[in-house]
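Below is start_37.txt, which holds compact mmCIF, N, CA and C atoms.
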# COMPACT_ATOMS: atom_id res chain seq x y z
N MET A 1241 -11.52 26.03 7.76
CA MET A 1241 -10.80 25.83 6.52
C MET A 1241 -10.12 24.45 6.49
N GLN A 1242 -9.58 24.03 7.63
CA GLN A 1242 -8.93 22.73 7.71
C GLN A 1242 -9.93 21.61 7.47
N ARG A 1243 -11.13 21.75 8.02
CA ARG A 1243 -12.18 20.75 7.83
C ARG A 1243 -12.52 20.62 6.34
N PHE A 1244 -12.60 21.74 5.65
CA PHE A 1244 -12.88 21.74 4.22
C PHE A 1244 -11.79 20.98 3.46
N GLY A 1245 -10.53 21.18 3.84
CA GLY A 1245 -9.42 20.47 3.20
C GLY A 1245 -9.53 18.96 3.38
N TYR A 1246 -9.89 18.54 4.59
CA TYR A 1246 -10.06 17.10 4.83
C TYR A 1246 -11.25 16.55 4.05
N LEU A 1247 -12.32 17.31 3.96
CA LEU A 1247 -13.47 16.87 3.17
C LEU A 1247 -13.10 16.75 1.70
N LEU A 1248 -12.38 17.72 1.19
CA LEU A 1248 -11.94 17.68 -0.20
C LEU A 1248 -11.05 16.47 -0.45
N LEU A 1249 -10.10 16.24 0.45
CA LEU A 1249 -9.23 15.07 0.32
C LEU A 1249 -10.04 13.77 0.39
N GLY A 1250 -10.99 13.71 1.31
CA GLY A 1250 -11.82 12.52 1.44
C GLY A 1250 -12.62 12.22 0.19
N TRP A 1251 -13.25 13.24 -0.37
CA TRP A 1251 -14.05 13.04 -1.59
C TRP A 1251 -13.17 12.69 -2.78
N ALA A 1252 -12.01 13.32 -2.89
CA ALA A 1252 -11.10 13.01 -3.99
C ALA A 1252 -10.60 11.57 -3.89
N ALA A 1253 -10.24 11.14 -2.68
CA ALA A 1253 -9.77 9.77 -2.48
C ALA A 1253 -10.90 8.77 -2.73
N LEU A 1254 -12.11 9.11 -2.30
CA LEU A 1254 -13.25 8.22 -2.55
C LEU A 1254 -13.52 8.10 -4.04
N ALA A 1255 -13.42 9.20 -4.78
CA ALA A 1255 -13.62 9.17 -6.23
C ALA A 1255 -12.56 8.30 -6.91
N LEU A 1256 -11.30 8.45 -6.50
CA LEU A 1256 -10.24 7.62 -7.07
C LEU A 1256 -10.43 6.15 -6.71
N GLY A 1257 -10.87 5.89 -5.48
CA GLY A 1257 -11.17 4.52 -5.09
C GLY A 1257 -12.30 3.94 -5.91
N GLY A 1258 -13.29 4.76 -6.21
CA GLY A 1258 -14.40 4.32 -7.06
C GLY A 1258 -13.92 3.99 -8.47
N LEU A 1259 -13.01 4.79 -8.98
CA LEU A 1259 -12.43 4.48 -10.29
C LEU A 1259 -11.64 3.18 -10.23
N GLY A 1260 -10.97 2.95 -9.10
CA GLY A 1260 -10.19 1.73 -8.94
C GLY A 1260 -11.04 0.48 -8.95
N VAL A 1261 -12.31 0.61 -8.64
CA VAL A 1261 -13.21 -0.55 -8.68
C VAL A 1261 -13.39 -1.02 -10.12
N VAL A 1262 -13.42 -0.08 -11.06
CA VAL A 1262 -13.70 -0.45 -12.45
C VAL A 1262 -12.47 -0.46 -13.36
N LEU A 1263 -11.38 0.19 -12.94
CA LEU A 1263 -10.18 0.23 -13.77
C LEU A 1263 -9.11 -0.71 -13.22
N PRO A 1264 -8.76 -1.73 -13.98
CA PRO A 1264 -7.71 -2.63 -13.50
C PRO A 1264 -6.39 -1.88 -13.41
N GLY A 1265 -5.64 -2.17 -12.38
CA GLY A 1265 -4.35 -1.52 -12.20
C GLY A 1265 -4.39 -0.31 -11.29
N LEU A 1266 -5.58 0.25 -11.08
CA LEU A 1266 -5.71 1.38 -10.16
C LEU A 1266 -6.19 0.81 -8.83
N PRO A 1267 -5.40 0.95 -7.79
CA PRO A 1267 -5.78 0.33 -6.51
C PRO A 1267 -6.98 1.04 -5.88
N THR A 1268 -7.81 0.27 -5.23
CA THR A 1268 -9.00 0.81 -4.57
C THR A 1268 -8.75 1.04 -3.08
N THR A 1269 -8.26 0.03 -2.40
CA THR A 1269 -8.16 0.07 -0.95
C THR A 1269 -7.29 1.21 -0.42
N PRO A 1270 -6.12 1.49 -0.98
CA PRO A 1270 -5.34 2.61 -0.43
C PRO A 1270 -6.11 3.94 -0.49
N PHE A 1271 -6.85 4.15 -1.56
CA PHE A 1271 -7.64 5.37 -1.66
C PHE A 1271 -8.77 5.37 -0.64
N LEU A 1272 -9.36 4.21 -0.40
CA LEU A 1272 -10.42 4.13 0.61
C LEU A 1272 -9.87 4.39 2.01
N LEU A 1273 -8.65 3.92 2.26
CA LEU A 1273 -8.02 4.18 3.56
C LEU A 1273 -7.76 5.67 3.76
N VAL A 1274 -7.31 6.34 2.71
CA VAL A 1274 -7.10 7.78 2.78
C VAL A 1274 -8.43 8.50 2.99
N ALA A 1275 -9.47 8.05 2.28
CA ALA A 1275 -10.79 8.67 2.43
C ALA A 1275 -11.30 8.49 3.86
N ALA A 1276 -11.14 7.29 4.43
CA ALA A 1276 -11.60 7.05 5.79
C ALA A 1276 -10.86 7.95 6.78
N PHE A 1277 -9.56 8.09 6.60
CA PHE A 1277 -8.78 8.98 7.46
C PHE A 1277 -9.26 10.42 7.34
N ALA A 1278 -9.37 10.89 6.10
CA ALA A 1278 -9.75 12.29 5.88
C ALA A 1278 -11.16 12.56 6.38
N PHE A 1279 -12.08 11.64 6.12
CA PHE A 1279 -13.45 11.84 6.61
C PHE A 1279 -13.49 11.79 8.14
N GLY A 1280 -12.59 11.02 8.74
CA GLY A 1280 -12.52 10.99 10.19
C GLY A 1280 -12.18 12.35 10.78
N LYS A 1281 -11.40 13.13 10.04
CA LYS A 1281 -11.03 14.48 10.47
C LYS A 1281 -12.05 15.53 10.05
N GLY A 1282 -12.73 15.29 8.90
CA GLY A 1282 -13.60 16.31 8.36
C GLY A 1282 -15.08 16.05 8.47
N SER A 1283 -15.48 14.77 8.50
CA SER A 1283 -16.90 14.43 8.55
C SER A 1283 -17.08 13.04 9.16
N PRO A 1284 -17.25 12.97 10.48
CA PRO A 1284 -17.45 11.67 11.11
C PRO A 1284 -18.63 10.89 10.54
N ARG A 1285 -19.64 11.61 10.06
CA ARG A 1285 -20.80 10.93 9.49
C ARG A 1285 -20.41 10.21 8.18
N MET A 1286 -19.61 10.86 7.32
CA MET A 1286 -19.16 10.21 6.09
C MET A 1286 -18.23 9.04 6.39
N ARG A 1287 -17.39 9.20 7.40
CA ARG A 1287 -16.51 8.09 7.79
C ARG A 1287 -17.35 6.89 8.24
N ALA A 1288 -18.36 7.15 9.05
CA ALA A 1288 -19.23 6.06 9.52
C ALA A 1288 -19.92 5.39 8.34
N TRP A 1289 -20.38 6.17 7.37
CA TRP A 1289 -21.02 5.59 6.19
C TRP A 1289 -20.04 4.71 5.43
N LEU A 1290 -18.81 5.19 5.27
CA LEU A 1290 -17.80 4.45 4.52
C LEU A 1290 -17.44 3.16 5.25
N ILE A 1291 -17.22 3.24 6.53
CA ILE A 1291 -16.85 2.06 7.32
C ILE A 1291 -17.97 1.02 7.35
N ASP A 1292 -19.22 1.50 7.38
CA ASP A 1292 -20.37 0.59 7.46
C ASP A 1292 -20.85 0.12 6.10
N HIS A 1293 -20.28 0.61 5.01
CA HIS A 1293 -20.69 0.22 3.67
C HIS A 1293 -20.44 -1.27 3.47
N ALA A 1294 -21.38 -1.94 2.84
CA ALA A 1294 -21.29 -3.40 2.68
C ALA A 1294 -20.09 -3.84 1.85
N HIS A 1295 -19.72 -3.08 0.83
CA HIS A 1295 -18.63 -3.49 -0.06
C HIS A 1295 -17.33 -2.74 0.21
N LEU A 1296 -17.42 -1.48 0.58
CA LEU A 1296 -16.21 -0.68 0.78
C LEU A 1296 -15.66 -0.78 2.19
N GLY A 1297 -16.50 -1.09 3.15
CA GLY A 1297 -16.10 -1.10 4.55
C GLY A 1297 -15.17 -2.23 4.99
N PRO A 1298 -15.40 -3.48 4.55
CA PRO A 1298 -14.56 -4.58 5.06
C PRO A 1298 -13.06 -4.41 4.91
N PRO A 1299 -12.54 -3.97 3.73
CA PRO A 1299 -11.08 -3.83 3.68
C PRO A 1299 -10.56 -2.73 4.60
N ILE A 1300 -11.35 -1.69 4.81
CA ILE A 1300 -10.93 -0.62 5.71
C ILE A 1300 -10.90 -1.14 7.14
N ARG A 1301 -11.95 -1.85 7.53
CA ARG A 1301 -12.00 -2.40 8.90
C ARG A 1301 -10.89 -3.41 9.12
N ASP A 1302 -10.63 -4.27 8.13
CA ASP A 1302 -9.53 -5.25 8.26
C ASP A 1302 -8.20 -4.54 8.48
N TRP A 1303 -7.95 -3.49 7.73
CA TRP A 1303 -6.69 -2.77 7.86
C TRP A 1303 -6.59 -2.08 9.21
N GLU A 1304 -7.66 -1.40 9.61
CA GLU A 1304 -7.63 -0.65 10.87
C GLU A 1304 -7.58 -1.58 12.08
N ASP A 1305 -8.26 -2.72 12.01
CA ASP A 1305 -8.30 -3.64 13.16
C ASP A 1305 -7.04 -4.48 13.29
N ARG A 1306 -6.53 -5.00 12.15
CA ARG A 1306 -5.44 -5.98 12.23
C ARG A 1306 -4.28 -5.70 11.30
N GLY A 1307 -4.36 -4.61 10.53
CA GLY A 1307 -3.31 -4.36 9.54
C GLY A 1307 -3.31 -5.41 8.46
N ALA A 1308 -4.51 -5.97 8.18
CA ALA A 1308 -4.63 -7.11 7.27
C ALA A 1308 -5.01 -6.68 5.86
N ILE A 1309 -4.53 -7.45 4.90
CA ILE A 1309 -4.88 -7.30 3.48
C ILE A 1309 -5.39 -8.65 3.04
N SER A 1310 -6.55 -8.69 2.38
CA SER A 1310 -7.13 -9.97 1.96
C SER A 1310 -6.21 -10.69 0.98
N ARG A 1311 -6.30 -12.00 0.97
CA ARG A 1311 -5.47 -12.80 0.08
C ARG A 1311 -5.74 -12.43 -1.38
N ARG A 1312 -7.01 -12.22 -1.70
CA ARG A 1312 -7.38 -11.84 -3.07
C ARG A 1312 -6.70 -10.52 -3.46
N ALA A 1313 -6.72 -9.54 -2.57
CA ALA A 1313 -6.09 -8.25 -2.85
C ALA A 1313 -4.58 -8.39 -2.99
N LYS A 1314 -3.98 -9.25 -2.19
CA LYS A 1314 -2.54 -9.48 -2.29
C LYS A 1314 -2.18 -10.06 -3.66
N VAL A 1315 -2.92 -11.09 -4.05
CA VAL A 1315 -2.65 -11.73 -5.34
C VAL A 1315 -2.83 -10.74 -6.48
N LEU A 1316 -3.89 -9.95 -6.43
CA LEU A 1316 -4.14 -8.97 -7.48
C LEU A 1316 -3.04 -7.91 -7.52
N ALA A 1317 -2.64 -7.41 -6.37
CA ALA A 1317 -1.62 -6.36 -6.32
C ALA A 1317 -0.29 -6.86 -6.86
N VAL A 1318 0.15 -8.01 -6.39
CA VAL A 1318 1.44 -8.53 -6.83
C VAL A 1318 1.39 -8.93 -8.31
N SER A 1319 0.26 -9.47 -8.76
CA SER A 1319 0.11 -9.82 -10.17
C SER A 1319 0.21 -8.58 -11.06
N MET A 1320 -0.41 -7.49 -10.64
CA MET A 1320 -0.33 -6.25 -11.41
C MET A 1320 1.09 -5.71 -11.45
N MET A 1321 1.81 -5.86 -10.34
CA MET A 1321 3.21 -5.41 -10.32
C MET A 1321 4.05 -6.21 -11.31
N VAL A 1322 3.86 -7.52 -11.30
CA VAL A 1322 4.61 -8.38 -12.22
C VAL A 1322 4.23 -8.05 -13.67
N ALA A 1323 2.93 -7.87 -13.92
CA ALA A 1323 2.49 -7.55 -15.28
C ALA A 1323 3.09 -6.24 -15.77
N LEU A 1324 3.13 -5.25 -14.91
CA LEU A 1324 3.70 -3.96 -15.30
C LEU A 1324 5.19 -4.07 -15.56
N LEU A 1325 5.87 -4.85 -14.74
CA LEU A 1325 7.30 -5.05 -14.96
C LEU A 1325 7.55 -5.77 -16.28
N LEU A 1326 6.76 -6.81 -16.56
CA LEU A 1326 6.90 -7.53 -17.83
C LEU A 1326 6.59 -6.62 -19.02
N LEU A 1327 5.57 -5.78 -18.88
CA LEU A 1327 5.23 -4.84 -19.94
C LEU A 1327 6.39 -3.88 -20.19
N SER A 1328 7.05 -3.44 -19.15
CA SER A 1328 8.20 -2.55 -19.29
C SER A 1328 9.33 -3.23 -20.06
N VAL A 1329 9.53 -4.52 -19.78
CA VAL A 1329 10.57 -5.28 -20.49
C VAL A 1329 10.19 -5.43 -21.96
N VAL A 1330 8.92 -5.79 -22.21
CA VAL A 1330 8.46 -5.99 -23.59
C VAL A 1330 8.55 -4.69 -24.39
N LEU A 1331 8.24 -3.57 -23.74
CA LEU A 1331 8.31 -2.28 -24.43
C LEU A 1331 9.74 -1.79 -24.64
N GLY A 1332 10.69 -2.50 -24.03
CA GLY A 1332 12.10 -2.16 -24.23
C GLY A 1332 12.57 -0.95 -23.46
N LEU A 1333 12.00 -0.72 -22.30
CA LEU A 1333 12.48 0.39 -21.47
C LEU A 1333 13.92 0.14 -21.06
N SER A 1334 14.61 1.20 -20.71
CA SER A 1334 16.03 1.07 -20.37
C SER A 1334 16.21 0.22 -19.11
N GLY A 1335 17.36 -0.39 -19.04
CA GLY A 1335 17.66 -1.30 -17.93
C GLY A 1335 17.61 -0.63 -16.57
N TRP A 1336 18.10 0.61 -16.48
CA TRP A 1336 18.09 1.29 -15.18
C TRP A 1336 16.67 1.59 -14.73
N LEU A 1337 15.78 1.90 -15.67
CA LEU A 1337 14.40 2.18 -15.32
C LEU A 1337 13.70 0.89 -14.84
N ILE A 1338 13.96 -0.20 -15.52
CA ILE A 1338 13.38 -1.49 -15.11
C ILE A 1338 13.92 -1.89 -13.74
N THR A 1339 15.21 -1.62 -13.50
CA THR A 1339 15.80 -1.94 -12.19
C THR A 1339 15.13 -1.12 -11.08
N ILE A 1340 14.92 0.16 -11.32
CA ILE A 1340 14.25 1.00 -10.33
C ILE A 1340 12.83 0.51 -10.08
N GLN A 1341 12.12 0.19 -11.16
CA GLN A 1341 10.76 -0.36 -11.02
C GLN A 1341 10.78 -1.64 -10.20
N ALA A 1342 11.69 -2.54 -10.52
CA ALA A 1342 11.77 -3.82 -9.83
C ALA A 1342 12.06 -3.63 -8.34
N LEU A 1343 12.96 -2.73 -8.02
CA LEU A 1343 13.28 -2.48 -6.62
C LEU A 1343 12.09 -1.89 -5.86
N CYS A 1344 11.45 -0.90 -6.46
CA CYS A 1344 10.30 -0.26 -5.80
C CYS A 1344 9.13 -1.23 -5.66
N MET A 1345 8.81 -1.91 -6.75
CA MET A 1345 7.68 -2.85 -6.68
C MET A 1345 8.03 -4.06 -5.83
N GLY A 1346 9.28 -4.46 -5.82
CA GLY A 1346 9.69 -5.56 -4.96
C GLY A 1346 9.50 -5.22 -3.49
N GLY A 1347 9.90 -3.99 -3.12
CA GLY A 1347 9.70 -3.54 -1.74
C GLY A 1347 8.22 -3.49 -1.39
N ALA A 1348 7.42 -2.97 -2.30
CA ALA A 1348 5.97 -2.91 -2.06
C ALA A 1348 5.38 -4.32 -1.96
N ALA A 1349 5.84 -5.23 -2.80
CA ALA A 1349 5.34 -6.60 -2.75
C ALA A 1349 5.69 -7.29 -1.44
N VAL A 1350 6.90 -7.07 -0.97
CA VAL A 1350 7.30 -7.65 0.32
C VAL A 1350 6.40 -7.12 1.43
N PHE A 1351 6.14 -5.81 1.43
CA PHE A 1351 5.26 -5.23 2.44
C PHE A 1351 3.87 -5.86 2.38
N ILE A 1352 3.32 -5.93 1.18
CA ILE A 1352 1.97 -6.49 1.00
C ILE A 1352 1.91 -7.95 1.44
N LEU A 1353 2.88 -8.73 1.00
CA LEU A 1353 2.85 -10.16 1.31
C LEU A 1353 3.13 -10.49 2.76
N THR A 1354 3.72 -9.57 3.50
CA THR A 1354 4.00 -9.84 4.92
C THR A 1354 2.88 -9.38 5.84
N ARG A 1355 1.84 -8.76 5.29
CA ARG A 1355 0.67 -8.38 6.11
C ARG A 1355 -0.19 -9.62 6.34
N PRO A 1356 -0.88 -9.67 7.48
CA PRO A 1356 -1.78 -10.81 7.70
C PRO A 1356 -2.93 -10.81 6.70
N ASP A 1357 -3.52 -12.01 6.50
CA ASP A 1357 -4.69 -12.13 5.60
C ASP A 1357 -5.95 -11.73 6.33

Output the structure of this file as structure tokens.
Amino acid sequence: MQRFGYLLLGWAALALGGLGVVLPGLPTTPFLLVAAFAFGKGSPRMRAWLIDHAHLGPPIRDWEDRGAISRRAKVLAVSMMVALLLLSVVLGLSGWLITIQALCMGGAAVFILTRPD
């Protein structure tokens, strides 16, 4: 039963990662990392396929080997955070909500920007 749960999590994360490839603003790599972890517990063969995939594998290997995030991914992630914050301001969201967003996204941006390339 536990194996089934990991397989379900792996497939769900892989599907969300696939959506992230085509939908701007939806991150791909975090979902791929979750899928790689879950497949590692539920299906070593699927994990091997994911890790060896020509397009999906490199960010997973970079993260697992060095804790690295590509420069392109960093720029995209931080740009999306800034765009979302600006959109919140333009839409006139309340100040406390914008402050919470800024603090959370600021913390996430610091984490992302301090990872190796």

- Which of A:His1295, A:Leu1353, A:Thr1269, A:Leu1333 sits closest to A:Val1315 [using only C-alpha atoms]: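 Among the listed residues, A:Leu1353 lies closest to A:Val1315.
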
- atom C of A:Ala1275 to atom CA of A:Leu1343, straight-line distance in Å: 28.9 Å

- Item | For atom CA of A:Gly1257 and atom C of A:Ile1291, the interatomic separation in Å (one decimal) |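 A separation of 14.6 Å between them.
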
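What separates atom N of A:Val1350 from atom CA of A:Leu1325 is a distance of 14.1 Å.
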
- Task: Determine, counting only C-alpha atoms, which protein, DNA and RNA residues have an atom within 9 Å of an atom of A:Met1345; residues of the same chain fewer than 6 positions away are not included. Present the result as an NGL selection string.
- Result: :A and (1318 or 1321-1322 or 1325)

- Tell me, as an MDAnalysis selection string, which residues lie within 8 Å of A:Ser1328, counting only N, CA and C atoms; anything in the same chain fewer than 6 positions away does not count. chainID A and resid 1322 1334 1337:1338

- Taking only N, CA and C atoms into account, which of A:Phe1244, A:Ala1252, A:Asp1357, A:Phe1277 comes nearest A:Gly1307?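 Of A:Phe1244, A:Ala1252, A:Asp1357, A:Phe1277, the one nearest A:Gly1307, counting only N, CA and C atoms, is A:Asp1357.
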
- Message: Neighbouring residues of A:Pro1284 were defined as those with any atom within 12 Å, considering only C-alpha atoms; residues of the same chain fewer than 5 positions away were excluded. Please report them as a list in words.
- Response: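 The residues that qualify are Arg1243, Tyr1246, Leu1247, Gly1250, Ala1275, Ala1276, Phe1277, Ala1278, Phe1279, Trp1289, Leu1290 and Ile1291 of chain A.
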
- Message: Please identify the alpha helix (DSSP H) residues within chain A (assignment by DSSP from backbone atoms) and present them as JSON, numbers by chain.
- Response: {"A": [1242, 1243, 1244, 1245, 1246, 1247, 1248, 1249, 1250, 1251, 1252, 1253, 1254, 1255, 1256, 1257, 1258, 1259, 1260, 1261, 1262, 1269, 1270, 1271, 1272, 1273, 1274, 1275, 1276, 1277, 1278, 1279, 1280, 1281, 1282, 1284, 1285, 1286, 1287, 1288, 1289, 1290, 1291, 1292, 1297, 1298, 1299, 1300, 1301, 1302, 1303, 1304, 1305, 1306, 1311, 1312, 1313, 1314, 1315, 1316, 1317, 1318, 1319, 1320, 1321, 1322, 1323, 1324, 1325, 1326, 1327, 1328, 1329, 1330, 1335, 1336, 1337, 1338, 1339, 1340, 1341, 1342, 1343, 1344, 1345, 1346, 1347, 1348, 1349, 1350, 1351, 1352, 1353]}

- Item | Test item: residues at most 8 Å from A:Ser1310, only N, CA and C atoms, excluding those fewer than 5 positions along its chain, as a list in words | Pro1299, Asp1302, Trp1303, Val1315, Leu1316, Arg1355, Pro1356 and Asp1357 of chain A

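Remark: for A:Ile1352, the closest of the candidate residues A:Lys1314, A:Arg1287, A:Lys1281, A:Arg1301 is A:Lys1314 (distances computed over only C-alpha atoms).
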
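Among the candidate residues A:Met1286, A:Ala1349, A:Leu1254, A:Ile1309, the one lying nearest to A:Phe1271 is A:Leu1254, with distances computed using all atoms listed in the file.
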